[in-house]
>>> print(open('entry36.pdb').read())   # PDB, C-alpha atoms and all ligand atoms
ATOM      1  CA  MET A1082     -30.066 -10.946 -11.716  1.00  0.00           C
ATOM      2  CA  ILE A1083     -27.593  -9.085  -9.496  1.00  0.00           C
ATOM      3  CA  THR A1084     -27.365  -5.325 -10.117  1.00  0.00           C
ATOM      4  CA  MET A1085     -25.529  -2.531  -8.289  1.00  0.00           C
ATOM      5  CA  LYS A1086     -28.368  -2.138  -5.763  1.00  0.00           C
ATOM      6  CA  ASN A1087     -27.605  -5.647  -4.485  1.00  0.00           C
ATOM      7  CA  ILE A1088     -23.965  -4.756  -3.776  1.00  0.00           C
ATOM      8  CA  ILE A1089     -23.372  -3.481  -0.259  1.00  0.00           C
ATOM      9  CA  ARG A1090     -21.041  -0.532   0.339  1.00  0.00           C
ATOM     10  CA  GLU A1091     -18.575   0.594   2.991  1.00  0.00           C
ATOM     11  CA  GLY A1092     -20.257   0.940   6.359  1.00  0.00           C
ATOM     12  CA  ASN A1093     -22.146  -2.353   6.068  1.00  0.00           C
ATOM     13  CA  ASN A1094     -20.602  -4.619   8.697  1.00  0.00           C
ATOM     14  CA  THR A1095     -20.794  -7.714   6.473  1.00  0.00           C
ATOM     15  CA  LEU A1096     -17.888  -6.210   4.476  1.00  0.00           C
ATOM     16  CA  ARG A1097     -15.751  -6.238   7.608  1.00  0.00           C
ATOM     17  CA  SER A1098     -16.735  -9.707   8.825  1.00  0.00           C
ATOM     18  CA  GLU A1099     -15.023 -13.086   8.627  1.00  0.00           C
ATOM     19  CA  ALA A1100     -17.197 -15.072   6.207  1.00  0.00           C
ATOM     20  CA  LYS A1101     -18.388 -18.553   7.150  1.00  0.00           C
ATOM     21  CA  LYS A1102     -16.705 -21.564   5.547  1.00  0.00           C
ATOM     22  CA  ALA A1103     -19.031 -23.370   3.134  1.00  0.00           C
ATOM     23  CA  THR A1104     -20.017 -26.972   3.748  1.00  0.00           C
ATOM     24  CA  PHE A1105     -20.704 -29.388   0.879  1.00  0.00           C
ATOM     25  CA  PRO A1106     -22.996 -30.113  -0.779  1.00  0.00           C
ATOM     26  CA  LEU A1107     -23.871 -26.452  -1.246  1.00  0.00           C
ATOM     27  CA  SER A1108     -27.560 -25.654  -0.877  1.00  0.00           C
ATOM     28  CA  ASP A1109     -29.533 -24.928  -4.040  1.00  0.00           C
ATOM     29  CA  GLU A1110     -29.653 -21.299  -2.869  1.00  0.00           C
ATOM     30  CA  GLN A1111     -25.845 -21.146  -2.585  1.00  0.00           C
ATOM     31  CA  ARG A1112     -25.441 -22.733  -6.046  1.00  0.00           C
ATOM     32  CA  GLN A1113     -27.913 -20.214  -7.444  1.00  0.00           C
ATOM     33  CA  LEU A1114     -25.930 -17.382  -5.829  1.00  0.00           C
ATOM     34  CA  ALA A1115     -22.705 -18.656  -7.441  1.00  0.00           C
ATOM     35  CA  HIS A1116     -24.455 -18.656 -10.818  1.00  0.00           C
ATOM     36  CA  ASP A1117     -25.853 -15.159 -10.253  1.00  0.00           C
ATOM     37  CA  MET A1118     -22.454 -13.784  -9.193  1.00  0.00           C
ATOM     38  CA  MET A1119     -20.727 -15.127 -12.312  1.00  0.00           C
ATOM     39  CA  GLU A1120     -23.627 -13.839 -14.440  1.00  0.00           C
ATOM     40  CA  PHE A1121     -23.096 -10.385 -12.889  1.00  0.00           C
ATOM     41  CA  LEU A1122     -19.426 -10.443 -13.908  1.00  0.00           C
ATOM     42  CA  GLU A1123     -20.284 -11.468 -17.463  1.00  0.00           C
ATOM     43  CA  ASN A1124     -22.990  -8.779 -17.671  1.00  0.00           C
ATOM     44  CA  SER A1125     -20.692  -6.145 -16.195  1.00  0.00           C
ATOM     45  CA  GLN A1126     -18.060  -6.889 -18.847  1.00  0.00           C
ATOM     46  CA  ASP A1127     -20.579  -6.631 -21.726  1.00  0.00           C
ATOM     47  CA  PRO A1128     -20.745  -2.930 -22.728  1.00  0.00           C
ATOM     48  CA  LYS A1129     -24.376  -3.155 -23.908  1.00  0.00           C
ATOM     49  CA  ILE A1130     -25.690  -4.993 -20.846  1.00  0.00           C
ATOM     50  CA  ALA A1131     -23.548  -2.932 -18.461  1.00  0.00           C
ATOM     51  CA  GLU A1132     -24.937   0.268 -19.989  1.00  0.00           C
ATOM     52  CA  LYS A1133     -28.530  -0.993 -19.927  1.00  0.00           C
ATOM     53  CA  TYR A1134     -28.380  -1.953 -16.235  1.00  0.00           C
ATOM     54  CA  GLN A1135     -25.792   0.661 -15.188  1.00  0.00           C
ATOM     55  CA  LEU A1136     -23.341  -1.965 -13.959  1.00  0.00           C
ATOM     56  CA  ARG A1137     -19.763  -1.120 -12.916  1.00  0.00           C
ATOM     57  CA  ALA A1138     -17.384  -3.513 -14.664  1.00  0.00           C
ATOM     58  CA  GLY A1139     -15.977  -6.127 -12.319  1.00  0.00           C
ATOM     59  CA  VAL A1140     -13.508  -8.984 -12.640  1.00  0.00           C
ATOM     60  CA  GLY A1141     -14.520 -10.504  -9.332  1.00  0.00           C
ATOM     61  CA  LEU A1142     -17.393 -10.532  -6.862  1.00  0.00           C
ATOM     62  CA  ALA A1143     -17.358 -12.026  -3.380  1.00  0.00           C
ATOM     63  CA  ALA A1144     -20.486 -13.269  -1.591  1.00  0.00           C
ATOM     64  CA  PRO A1145     -20.059 -10.792   1.295  1.00  0.00           C
ATOM     65  CA  GLN A1146     -20.451  -8.003  -1.286  1.00  0.00           C
ATOM     66  CA  VAL A1147     -24.034  -9.131  -1.818  1.00  0.00           C
ATOM     67  CA  ASP A1148     -24.478  -9.425   1.939  1.00  0.00           C
ATOM     68  CA  VAL A1149     -23.950 -13.193   2.139  1.00  0.00           C
ATOM     69  CA  SER A1150     -21.235 -13.972   4.657  1.00  0.00           C
ATOM     70  CA  LEU A1151     -19.999 -17.159   2.992  1.00  0.00           C
ATOM     71  CA  GLN A1152     -16.516 -18.073   1.745  1.00  0.00           C
ATOM     72  CA  MET A1153     -17.370 -17.977  -1.947  1.00  0.00           C
ATOM     73  CA  ALA A1154     -16.284 -15.595  -4.713  1.00  0.00           C
ATOM     74  CA  SER A1155     -16.696 -15.582  -8.479  1.00  0.00           C
ATOM     75  CA  VAL A1156     -13.721 -14.532 -10.602  1.00  0.00           C
ATOM     76  CA  LEU A1157     -13.771 -13.718 -14.310  1.00  0.00           C
ATOM     77  CA  VAL A1158     -10.502 -12.287 -15.603  1.00  0.00           C
ATOM     78  CA  PRO A1159     -10.798 -11.694 -19.344  1.00  0.00           C
ATOM     79  CA  SER A1160      -7.804 -12.080 -21.658  1.00  0.00           C
ATOM     80  CA  ALA A1161      -6.565  -8.945 -23.441  1.00  0.00           C
ATOM     81  CA  ASP A1162      -7.222 -10.416 -26.892  1.00  0.00           C
ATOM     82  CA  GLY A1163     -10.812 -11.538 -26.277  1.00  0.00           C
ATOM     83  CA  GLU A1164      -9.806 -15.212 -26.296  1.00  0.00           C
ATOM     84  CA  ALA A1165     -10.455 -17.554 -23.362  1.00  0.00           C
ATOM     85  CA  PRO A1166     -10.473 -15.800 -19.956  1.00  0.00           C
ATOM     86  CA  LEU A1167      -7.200 -15.839 -18.003  1.00  0.00           C
ATOM     87  CA  PHE A1168      -9.198 -17.278 -15.092  1.00  0.00           C
ATOM     88  CA  LYS A1169     -12.890 -18.081 -14.670  1.00  0.00           C
ATOM     89  CA  ASP A1170     -14.364 -19.984 -11.736  1.00  0.00           C
ATOM     90  CA  THR A1171     -16.262 -19.602  -8.483  1.00  0.00           C
ATOM     91  CA  ILE A1172     -13.817 -20.291  -5.662  1.00  0.00           C
ATOM     92  CA  VAL A1173     -15.182 -21.756  -2.433  1.00  0.00           C
ATOM     93  CA  ASN A1174     -13.176 -21.930   0.827  1.00  0.00           C
ATOM     94  CA  PRO A1175     -10.085 -20.643  -1.009  1.00  0.00           C
ATOM     95  CA  VAL A1176      -6.680 -20.837   0.703  1.00  0.00           C
ATOM     96  CA  ILE A1177      -3.368 -19.500  -0.573  1.00  0.00           C
ATOM     97  CA  ILE A1178      -1.069 -22.416   0.278  1.00  0.00           C
ATOM     98  CA  SER A1179       2.155 -20.833  -1.012  1.00  0.00           C
ATOM     99  CA  HIS A1180       3.279 -17.655  -2.687  1.00  0.00           C
ATOM    100  CA  SER A1181       6.256 -15.801  -4.147  1.00  0.00           C
ATOM    101  CA  VAL A1182       8.358 -13.524  -2.002  1.00  0.00           C
ATOM    102  CA  GLN A1183       8.148 -11.088  -4.893  1.00  0.00           C
ATOM    103  CA  GLY A1184       5.243  -8.677  -4.641  1.00  0.00           C
ATOM    104  CA  ALA A1185       3.234  -6.991  -7.371  1.00  0.00           C
ATOM    105  CA  ALA A1186       0.800  -4.115  -7.627  1.00  0.00           C
ATOM    106  CA  LEU A1187      -1.372  -2.803 -10.443  1.00  0.00           C
ATOM    107  CA  SER A1188       0.079   0.429 -11.803  1.00  0.00           C
ATOM    108  CA  GLU A1189      -3.409   1.973 -11.665  1.00  0.00           C
ATOM    109  CA  GLY A1190      -4.040   0.867  -8.100  1.00  0.00           C
ATOM    110  CA  GLU A1191      -7.240  -1.011  -7.285  1.00  0.00           C
ATOM    111  CA  GLY A1192     -10.922  -0.221  -6.903  1.00  0.00           C
ATOM    112  CA  CYS A1193     -13.838  -2.114  -5.466  1.00  0.00           C
ATOM    113  CA  LEU A1194     -17.524  -2.394  -6.300  1.00  0.00           C
ATOM    114  CA  SER A1195     -18.223  -1.857  -2.601  1.00  0.00           C
ATOM    115  CA  VAL A1196     -16.142   1.333  -2.416  1.00  0.00           C
ATOM    116  CA  ASP A1197     -17.723   4.351  -4.112  1.00  0.00           C
ATOM    117  CA  ARG A1198     -14.585   6.466  -4.152  1.00  0.00           C
ATOM    118  CA  ASP A1199     -11.092   6.429  -5.591  1.00  0.00           C
ATOM    119  CA  VAL A1200      -8.358   5.479  -3.135  1.00  0.00           C
ATOM    120  CA  PRO A1201      -5.045   6.054  -4.880  1.00  0.00           C
ATOM    121  CA  GLY A1202      -2.001   3.954  -4.074  1.00  0.00           C
ATOM    122  CA  TYR A1203      -0.208   0.702  -4.834  1.00  0.00           C
ATOM    123  CA  VAL A1204      -1.917  -2.367  -3.356  1.00  0.00           C
ATOM    124  CA  VAL A1205       1.091  -4.664  -2.992  1.00  0.00           C
ATOM    125  CA  ARG A1206       0.146  -8.326  -3.167  1.00  0.00           C
ATOM    126  CA  HIS A1207       1.971 -11.635  -3.919  1.00  0.00           C
ATOM    127  CA  ASP A1208       2.930 -11.773  -7.622  1.00  0.00           C
ATOM    128  CA  ARG A1209       2.492 -15.547  -7.741  1.00  0.00           C
ATOM    129  CA  ILE A1210       0.268 -17.787  -5.616  1.00  0.00           C
ATOM    130  CA  THR A1211      -0.650 -21.430  -5.312  1.00  0.00           C
ATOM    131  CA  LEU A1212      -4.370 -21.451  -4.569  1.00  0.00           C
ATOM    132  CA  ARG A1213      -6.349 -24.364  -3.190  1.00  0.00           C
ATOM    133  CA  TYR A1214     -10.126 -24.021  -3.508  1.00  0.00           C
ATOM    134  CA  TYR A1215     -13.292 -26.021  -4.077  1.00  0.00           C
ATOM    135  CA  ASP A1216     -15.642 -25.430  -6.990  1.00  0.00           C
ATOM    136  CA  VAL A1217     -19.403 -25.351  -6.476  1.00  0.00           C
ATOM    137  CA  ASP A1218     -19.561 -29.138  -7.022  1.00  0.00           C
ATOM    138  CA  GLY A1219     -17.106 -29.716  -4.196  1.00  0.00           C
ATOM    139  CA  ASN A1220     -14.177 -30.691  -6.421  1.00  0.00           C
ATOM    140  CA  GLN A1221     -10.830 -29.612  -4.980  1.00  0.00           C
ATOM    141  CA  HIS A1222      -8.506 -27.564  -7.194  1.00  0.00           C
ATOM    142  CA  LYS A1223      -4.883 -26.596  -6.626  1.00  0.00           C
ATOM    143  CA  ILE A1224      -3.719 -24.022  -9.165  1.00  0.00           C
ATOM    144  CA  ARG A1225      -0.857 -21.590  -9.658  1.00  0.00           C
ATOM    145  CA  LEU A1226      -1.688 -18.050 -10.708  1.00  0.00           C
ATOM    146  CA  LYS A1227       0.541 -15.065 -11.438  1.00  0.00           C
ATOM    147  CA  ASN A1228       0.230 -11.333 -12.088  1.00  0.00           C
ATOM    148  CA  TYR A1229      -3.288  -9.987 -12.785  1.00  0.00           C
ATOM    149  CA  PRO A1230      -5.323 -13.176 -12.104  1.00  0.00           C
ATOM    150  CA  ALA A1231      -3.324 -13.701  -8.893  1.00  0.00           C
ATOM    151  CA  ILE A1232      -4.010 -10.111  -7.804  1.00  0.00           C
ATOM    152  CA  VAL A1233      -7.736 -10.421  -8.500  1.00  0.00           C
ATOM    153  CA  CYS A1234      -8.011 -13.673  -6.518  1.00  0.00           C
ATOM    154  CA  GLN A1235      -6.179 -12.090  -3.582  1.00  0.00           C
ATOM    155  CA  HIS A1236      -8.586  -9.122  -3.700  1.00  0.00           C
ATOM    156  CA  GLU A1237     -11.542 -11.531  -3.558  1.00  0.00           C
ATOM    157  CA  ILE A1238     -10.063 -13.741  -0.834  1.00  0.00           C
ATOM    158  CA  ASP A1239      -9.508 -10.565   1.213  1.00  0.00           C
ATOM    159  CA  HIS A1240     -13.258  -9.896   1.046  1.00  0.00           C
ATOM    160  CA  LEU A1241     -13.910 -13.279   2.673  1.00  0.00           C
ATOM    161  CA  HIS A1242     -11.844 -12.121   5.658  1.00  0.00           C
ATOM    162  CA  GLY A1243     -13.259  -8.591   5.960  1.00  0.00           C
ATOM    163  CA  VAL A1244     -10.252  -6.925   4.297  1.00  0.00           C
ATOM    164  CA  LEU A1245     -10.600  -4.128   1.723  1.00  0.00           C
ATOM    165  CA  PHE A1246      -7.977  -3.180  -0.873  1.00  0.00           C
ATOM    166  CA  TYR A1247      -7.064   0.137   0.721  1.00  0.00           C
ATOM    167  CA  ASP A1248      -6.121  -1.636   3.981  1.00  0.00           C
ATOM    168  CA  HIS A1249      -2.916  -2.544   2.116  1.00  0.00           C
ATOM    169  CA  ILE A1250      -2.062   1.016   1.025  1.00  0.00           C
ATOM    170  CA  ASP A1251       0.642   2.861   2.983  1.00  0.00           C
ATOM    171  CA  HIS A1252      -1.069   6.236   3.081  1.00  0.00           C
ATOM    172  CA  ASP A1253       2.178   8.008   3.996  1.00  0.00           C
ATOM    173  CA  HIS A1254       3.910   6.603   0.905  1.00  0.00           C
ATOM    174  CA  PRO A1255       1.058   5.334  -1.305  1.00  0.00           C
ATOM    175  CA  PHE A1256       3.226   4.813  -4.402  1.00  0.00           C
ATOM    176  CA  THR A1257       6.318   3.412  -2.762  1.00  0.00           C
ATOM    177  CA  MET A1258       7.162  -0.261  -3.062  1.00  0.00           C
ATOM    178  CA  GLU A1259      10.082  -2.610  -2.519  1.00  0.00           C
ATOM    179  CA  ASN A1260      12.741  -2.654  -5.240  1.00  0.00           C
ATOM    180  CA  GLU A1261      12.061  -6.208  -6.324  1.00  0.00           C
ATOM    181  CA  ASP A1262       8.263  -5.812  -6.404  1.00  0.00           C
ATOM    182  CA  LEU A1263       6.578  -5.617  -9.805  1.00  0.00           C
ATOM    183  CA  VAL A1264       4.275  -2.876 -11.096  1.00  0.00           C
ATOM    184  CA  ILE A1265       1.740  -4.483 -13.443  1.00  0.00           C
ATOM    185  CA  ASP A1266      -0.038  -2.622 -16.274  1.00  0.00           C
TER     186      ASP A1266
HETATM  187  O1  LIG A1301     -14.353  -7.607  -5.070  1.00  0.00           O
HETATM  188  C1  LIG A1301     -14.492  -7.371  -6.427  1.00  0.00           C
HETATM  189  N1  LIG A1301     -14.574  -6.023  -6.760  1.00  0.00           N
HETATM  190  O2  LIG A1301     -14.834  -5.132  -5.830  1.00  0.00           O
HETATM  191  C2  LIG A1301     -14.425  -5.644  -8.140  1.00  0.00           C
HETATM  192  C3  LIG A1301     -13.014  -5.181  -8.471  1.00  0.00           C
HETATM  193  C4  LIG A1301     -12.035  -6.293  -8.410  1.00  0.00           C
HETATM  194  C5  LIG A1301     -10.593  -5.911  -8.520  1.00  0.00           C
HETATM  195  C6  LIG A1301     -10.189  -4.656  -8.954  1.00  0.00           C
HETATM  196  C7  LIG A1301      -8.823  -4.344  -9.036  1.00  0.00           C
HETATM  197  C8  LIG A1301      -7.885  -5.299  -8.683  1.00  0.00           C
HETATM  198  C9  LIG A1301      -8.305  -6.542  -8.252  1.00  0.00           C
HETATM  199  C10 LIG A1301      -9.655  -6.838  -8.178  1.00  0.00           C
HETATM  200 NI    NI A1302     -13.847  -5.706  -4.116  1.00  0.00          NI
END
>>> encode(input="entry36.pdb", output="structure tokens")
Amino acid sequence: MITMKNIIREGNNTLRSEAKKATFPLSDEQRQLAHDMMEFLENSQDPKIAEKYQLRAGVGLAAPQVDVSLQMASVLVPSADGEAPLFKDTIVNPVIISHSVQGAALSEGEGCLSVDRDVPGYVVRHDRITLRYYDVDGNQHKIRLKNYPAIVCQHEIDHLHGVLFYDHIDHDHPFTMENEDLVID
């Protein structure tokens, strides 16, 4: 199972690299990694398991964060009421093919399992995106996401291109944003 010791931190060059596009069929090792990444997210969101293994809760995990420079990221965005997740899948070779002009940022800012410090500020992203990706079986998906799930997927896709959340923060005006942009709680 993946634990925090498997997650690389700032300073490791893999975090700042362009990850390699996956080719299908994925190898057994790559399929196993996808399974392990999703399992980490589920474990990290279970208070008992997270406590037992000292896991930081995560709603996404990208392969470069476990030092595998491959365009693959697992996303598990739970719903507020404990029903079905807002979004759950492992996205391979994801591409944002269109997006809203309107931006959005989480009111609390963002964090990252690979960043062991708080970096305050709005991370302004697209509020709505149309995402094309492949699942681990090579099936193509084209989906529209908005608000929190859209923000999480953009955070993960950034990892595949060596971008970290605080690259988007204007450190001179960390909590300033355009009038029409949304602040999401
Ligand atoms: O890359 C995943 N990760 O570092 C875990 C945190 C994910 C995340 C946190 C806040 C807003 C969007 C995404
Ligand atoms: Ni991250």
>>> closest_residue(input="entry36.pdb", among="A:Leu1187, A:Ile1224, A:Val1149, A:Leu1136", to="A:Ile1172", atoms="only C-alpha atoms")
A:Ile1224
>>> resolve_selection(input="entry36.pdb", expression="the PyMOL selection byres (((chain A and resi 1159-1171) around 9) and not hetatm)", output="list in words")
Ala1115, His1116, Met1118, Met1119, Gln1126, Val1140, Met1153, Ala1154, Ser1155, Val1156, Leu1157, Val1158, Ile1172, Val1173, Tyr1215, Asp1216, Val1217, Leu1226, Tyr1229 and Pro1230 of chain A
>>> residues_near_point(input="entry36.pdb", point="(-21.1, -19.9, 8.8)", cutoff="10 Å", atoms="all atoms listed in the file", output="list in words")
Glu1099, Ala1100, Lys1101, Lys1102, Ala1103, Thr1104, Val1149, Ser1150, Leu1151 and Gln1152 of chain A
>>> closest_residue(input="entry36.pdb", among="A:Ala1185, A:Val1205, A:Val1244, A:Ile1210", to="A:Lys1227", atoms="all atoms listed in the file")
A:Ile1210
>>> residues_around(input="entry36.pdb", residues="stretch 1250-1263 of chain A", least_positions_apart="3", cutoff="7 Å", atoms="all atoms listed in the file", output="list in words")
Gln1183, Gly1184, Ala1185, Ala1186, Gly1202, Tyr1203, Val1204 and Tyr1247 of chain A
>>> atom_distance(input="entry36.pdb", atom1="atom CA of A:Leu1245", atom2="atom CA of A:Glu1132")
26.4 Å
>>> closest_residue(input="entry36.pdb", among="A:Asn1087, A:Pro1145, A:Asn1228, A:Arg1213", to="A:Ser1181", atoms="only C-alpha atoms")
A:Asn1228
>>> resolve_selection(input="entry36.pdb", expression="the PyMOL selection byres (((chain A and resi 1223) around 9) and not hetatm)", output="NGL selection string")
:A and (1178 or 1211-1215 or 1221-1222 or 1224-1225)
>>> resolve_selection(input="entry36.pdb", expression="the PyMOL selection byres (((chain A and resi 1240) around 8) and not hetatm)", output="number ranges by chain")
A: 1096-1097, 1143, 1145-1146, 1236-1239, 1241-1245
>>> closest_residue(input="entry36.pdb", among="A:Val1264, A:Val1182, A:Ile1130, A:Ile1089", to="ligand NI 1302 (chain A)", atoms="all atoms listed in the file")
A:Ile1089
>>> residues_near_ligand(input="entry36.pdb", ligand="ligand LIG 1301 (chain A)", cutoff="6 Å", atoms="only C-alpha atoms and all ligand atoms", output="VMD selection string")
chain A and resid 1139 to 1143 1191 to 1195 1232 to 1233 1236 to 1237
>>> closest_residue(input="entry36.pdb", among="A:Arg1112, A:Ile1083, A:Asn1174, A:Ala1144", to="ligand NI 1302 (chain A)", atoms="only C-alpha atoms and all ligand atoms")
A:Ala1144
